[in-house]
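Student: Let me begin by handing over the structure; questions about it come next.
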Amino acid sequence: MKKEWSISHALLRKAAIAGFTVASLSGSGAAISADDTAPAGRSIAYLFTSIAWPVYQSRDTAGKETKDECPNGINDGAREQFAASFPQTNGQKWKIEDTAIAREAEIWFPTDEPDKFPFHEASGKFSYGLDLDGKNKPTDFTSPDGRTGVDNQLFRAVGCILSYRDGSSQNLFEKNYFQSMLFNRILFELTDVDSLVNDDDVTLTTYRGLDPLVWDAKGTFQADATQRIDKKWSQDFINTSKAKIVNGVLITTKPSDFYWPTEFVHQEAPTDWLRDAHFELKLTPDTAEGLIGGYVDIETYYRSQNRRYGTHQISYGKTASASLYKAIRRLADAYPDPATGKNTAISTALDVKAVQVRVIHPEEKVAETGTDTRRAQTAEAR
C-alpha cells in the first residue's frame, strides 16, 4: 500500500513539473458525493480494472453445470489434434518439418477451408451480450435477464473451448496480466455530464493511461487515484462516442470503435479492436461495470491471441488456434470485405469493471511565433 501511494505521488509531482494540467482538480474526473448526482466540472473518468470475454454456462437448481451449451462436449486442443495427426504407432518416425513446423505454419497462416477436425460450436438459448442491430434474428440469443436479440456469434466459436470457460487458466492469465502490466491501462472519460442518474447527452472518450492501478487496504481498487493520459504515443486508443445515462446506466447512442491494449508477460503488446462499441455500464460515483458489445475484427483478434500465447500455453486450455480461426471465419456476421464479400468481423461482448479516477490531461502546446535565436545567429554569421 505504501509503495503504491509513493509511486502515484511521485508521478503526480513529475507531471506537474513537466507542465501537465491536473484537470481533475478543477473538475475533470472529480468524484461526486452520494447526494450530488453531477460531478464537479461536469466530467468524470473511470479506469478499467478488468476486461474479459464472458461465456455463459447453464447450471441446474443445485448449481451444477449442465450441457445445454456444449451437448457434444469440450473441443480438443492443440495437443490432442497433434497426437491424432501424427500417431506414434508401429515405430513410425516423423520429420519435424512435417509435424511441429507444419502445425505452427497452420497457426500463423490459417485458412477458412473446412476443418479436418470436428469442432463443437456452443448452442443453447442464452448468452451474455447486447442487441447490436435492433433485430431479433434466428441466430440471436437471449440474455440471462431475459432480453432478446442478443448478438454474440463469438460465443458460438469459443463457448466449448476450455480456455474461455469459468476457472480456466487462460481466464486467470488474462485477468492478472491485464491488471499488472502497465501498458494495459485503458480508461474512459465522460464529459458534459449533468447527472449520473439521468442525462440524455454526454460525451464518452477512451484513452490509454500511464500509471499503475492502486489497491486500498482491503485489497480492492482505490477510487479517486490519479491517472495521466497519454496523448502522444497512444492516439489509437483515443475514440469518442455519444451516449446517454438512463437510471444510472451509461448507454451509447452513437457508437465508435474501442481499442484496448493486451500486453502479456514476455510477449509482444498487441491491441484488440472492437468495431461499433456499444457501452452499457452501471455507474456509481466510484465504479462502473457492465458490458461493451460490438464487432471484433477477426484478424486483429486472432493475431492478438497468437502474440500473447504460444502453442504450449494455449494447450493448457485445450485451444486449437487454426480450428478456432476457421470457426470465427465461418460465424462472422459483420463488415463484409468489398472484394470477396466475406465478413471480416464477428459480434461479441466484453464483461468490464472500472474504478473512478482523477485524470491528468497533458497541457496543450501552442507553436511558438517568436524568432529562433539559433537561426538569427546563423544568419548574422553569414
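Starting from 1 in every chain, residues are counted up; chains themselves are A, B, ... following the order of the C-alpha cells, and ligands are numbered from 1 as listed.
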Can you check which parts of segment 231-321 of chain A lie within 9 Å of segment 95-110 of chain A? Per residue, the shortest pair of atoms and distance in Å to one decimal, counting only C-alpha atoms, sorted by chain and number, as a Markdown table.
Tutor:
| residue | atom | partner | partner_atom | distance |
| --- | --- | --- | --- | --- |
| A:Arg303 | CA | A:Trp108 | CA | 8.2 |
| A:Asn306 | CA | A:Trp108 | CA | 7.9 |
| A:Thr311 | CA | A:Glu104 | CA | 8.1 |
| A:Ala320 | CA | A:Ile107 | CA | 8.5 |
| A:Ser321 | CA | A:Ile107 | CA | 5.9 |
Student: Each residue of segment 253-356 of chain A with at least one atom at most 10 Å from segment 202-219 of chain A should appear once, together with its nearest atom pair and the corresponding distance in Å (one decimal); atoms considered: only C-alpha atoms; ordering: chain, then increasing residue number; output as CSV.
Tutor:
residue,atom,partner,partner_atom,distance
A:Thr253,CA,A:Val202,CA,9.5
A:Lys254,CA,A:Thr203,CA,9.8
A:Pro255,CA,A:Leu204,CA,9.7
A:Ser256,CA,A:Thr205,CA,9.4
A:Asp257,CA,A:Thr206,CA,9.6
A:Phe258,CA,A:Thr206,CA,7.6
A:Tyr259,CA,A:Thr206,CA,8.4
A:Trp260,CA,A:Arg208,CA,8.0
A:Pro261,CA,A:Arg208,CA,8.3
A:Phe279,CA,A:Leu204,CA,9.5
A:Val355,CA,A:Leu213,CA,9.4
Student: Would you put the residues from that selection into a file with C-alpha atoms, as an mmCIF file, in the first residue's frame?
Tutor:
data_model
loop_
_atom_site.group_PDB
_atom_site.id
_atom_site.type_symbol
_atom_site.label_atom_id
_atom_site.label_comp_id
_atom_site.auth_asym_id
_atom_site.auth_seq_id
_atom_site.Cartn_x
_atom_site.Cartn_y
_atom_site.Cartn_z
ATOM 1 C CA THR A 253 -26.216 6.341 -28.675
ATOM 2 C CA LYS A 254 -23.634 6.879 -31.440
ATOM 3 C CA PRO A 255 -21.077 4.051 -31.203
ATOM 4 C CA SER A 256 -17.411 4.424 -32.032
ATOM 5 C CA ASP A 257 -14.564 1.933 -32.214
ATOM 6 C CA PHE A 258 -12.938 0.728 -28.994
ATOM 7 C CA TYR A 259 -9.268 -0.237 -28.887
ATOM 8 C CA TRP A 260 -7.646 -1.674 -25.777
ATOM 9 C CA PRO A 261 -4.077 -2.869 -25.074
ATOM 10 C CA PHE A 279 -21.325 0.627 -23.845
ATOM 11 C CA VAL A 355 -12.927 2.376 -10.918
#
Student: Identify, on the basis of only C-alpha atoms, every residue whose closest approach to Ile251 of chain A does not exceed 7 Å; exclude the query and any residue fewer than 3 positions from it along the same chain; express the result as number ranges by chain.
Tutor: A: 243-245, 279-281
Student: From a DSSP calculation on the backbone, collect every residue of segment 145-317 of chain A in alpha helix (DSSP H) and output the set as an NGL selection string.
Tutor: :A and (153-158 or 169-180 or 298-308 or 311-315)
Student: Report as a list of chain:residue names all protein, DNA and RNA residues lying within 7 Å of Leu350 of chain A, evaluated on only C-alpha atoms, omitting residues in the same chain fewer than 6 positions from it.
Tutor: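 Returned residues: A:Ile51, A:Ala52, A:Trp53, A:Pro54, A:Leu291, A:Ile292, A:Gly293.
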Student: Grab the residues selected above and save them as a compact mmCIF listing (two decimals), in the first residue's frame with N, CA and C atoms.
Tutor:
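Once written, again33.txt looks like this:
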# COMPACT_ATOMS: atom_id res chain seq x y z
N ILE A 51 -11.21 -6.60 -18.09
CA ILE A 51 -11.87 -6.74 -19.39
C ILE A 51 -11.79 -8.22 -19.76
N ALA A 52 -12.95 -8.86 -19.93
CA ALA A 52 -12.95 -10.31 -20.16
C ALA A 52 -14.03 -10.69 -21.18
N TRP A 53 -13.79 -11.81 -21.88
CA TRP A 53 -14.80 -12.37 -22.79
C TRP A 53 -15.72 -13.28 -21.97
N PRO A 54 -16.96 -12.88 -21.70
CA PRO A 54 -17.82 -13.71 -20.86
C PRO A 54 -18.43 -14.87 -21.65
N LEU A 291 -21.39 -4.32 -19.67
CA LEU A 291 -20.97 -4.93 -20.92
C LEU A 291 -20.61 -3.87 -21.96
N ILE A 292 -19.64 -4.22 -22.80
CA ILE A 292 -19.37 -3.47 -24.02
C ILE A 292 -19.55 -4.45 -25.17
N GLY A 293 -20.56 -4.21 -26.00
CA GLY A 293 -20.82 -5.08 -27.14
C GLY A 293 -20.31 -4.45 -28.41
Student: State, in Å with one decimal place, the distance from atom CA of Arg358 of chain A to atom CA of Ala277 of chain A.
Tutor: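 Rounded to one decimal, the two atoms are 23.9 Å apart.
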Student: Report, in Å to a single decimal, how far apart atom CA of Val296 of chain A and atom CA of Ser169 of chain A are.
Tutor: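 Straight-line distance from atom CA of Ser169 of chain A to atom CA of Val296 of chain A works out to 22.6 Å.
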Student: Can you work out the spacing between atom CA of Ile360 of chain A and atom CA of Gln227 of chain A in Å, to one decimal?
Tutor: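 Atom CA of Ile360 of chain A sits 6.0 Å away from atom CA of Gln227 of chain A.
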Student: Quick one: residues within 9 Å of Phe141 of chain A, only C-alpha atoms counted, chain neighbours fewer than 2 positions away excluded, as a VMD selection string?
Tutor: chain A and resid 124 to 129 136 to 139 143 147 to 152
Student: Return the single residue from A:Thr49, A:Asn247, A:Ser347, A:Gln313 that is closest to Asp276 of chain A, with distances computed using only C-alpha atoms.
Tutor: A:Ser347
Student: Might you pull out every residue within 7 Å of Ser195 of chain A, with only C-alpha atoms counted and same-chain residues fewer than 3 positions away left off, and present them as a count of residues only?
Tutor: 4
Student: When distances are computed from only C-alpha atoms, which of A:Cys70, A:Ala225, A:Ile186, A:Ala40 shows the smallest separation from Val352 of chain A?
Tutor: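 Of the candidates, the smallest distance to Val352 of chain A is held by A:Ile186.
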Student: Give the answer as one residue: which of A:Asp140, A:Tyr301, A:Ala62, A:Phe117 has the shortest atom-to-atom distance to Ala84 of chain A, using only C-alpha atoms?
Tutor: A:Phe117
Student: Pick out the closest residue to Lys318 of chain A from this set: A:Gly159, A:Pro71, A:Pro362, A:Gly77. Count only C-alpha atoms.
Tutor: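 Ranking A:Gly159, A:Pro71, A:Pro362, A:Gly77 by distance to Lys318 of chain A, first place goes to A:Gly77.
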Student: Choose the residue, out of A:Thr348, A:Gln88, A:Asn75, A:Ser123, that has the smallest atom-to-atom separation from Gln153 of chain A; count only C-alpha atoms.
Tutor: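 Of the candidates, the smallest distance to Gln153 of chain A is held by A:Thr348.
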Student: In terms of the shortest atom-to-atom distance over only C-alpha atoms, which of A:Asp133, A:Glu363, A:Val357, A:Lys342 is closest to Asp112 of chain A?
Tutor: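 When distances to Asp112 of chain A are compared using only C-alpha atoms, the smallest one comes from A:Lys342.
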Student: If DSSP is run on the backbone, what residues of segment 105-348 of chain A are strand (DSSP E or B)? A reply as a PyMOL selection string would be ideal.
Tutor: chain A and resi 126+130+141-142+150-151+186-191+199-209+215+221+225-229+239-246+249-254+256-261+271-283+287-297+334-336+343-348
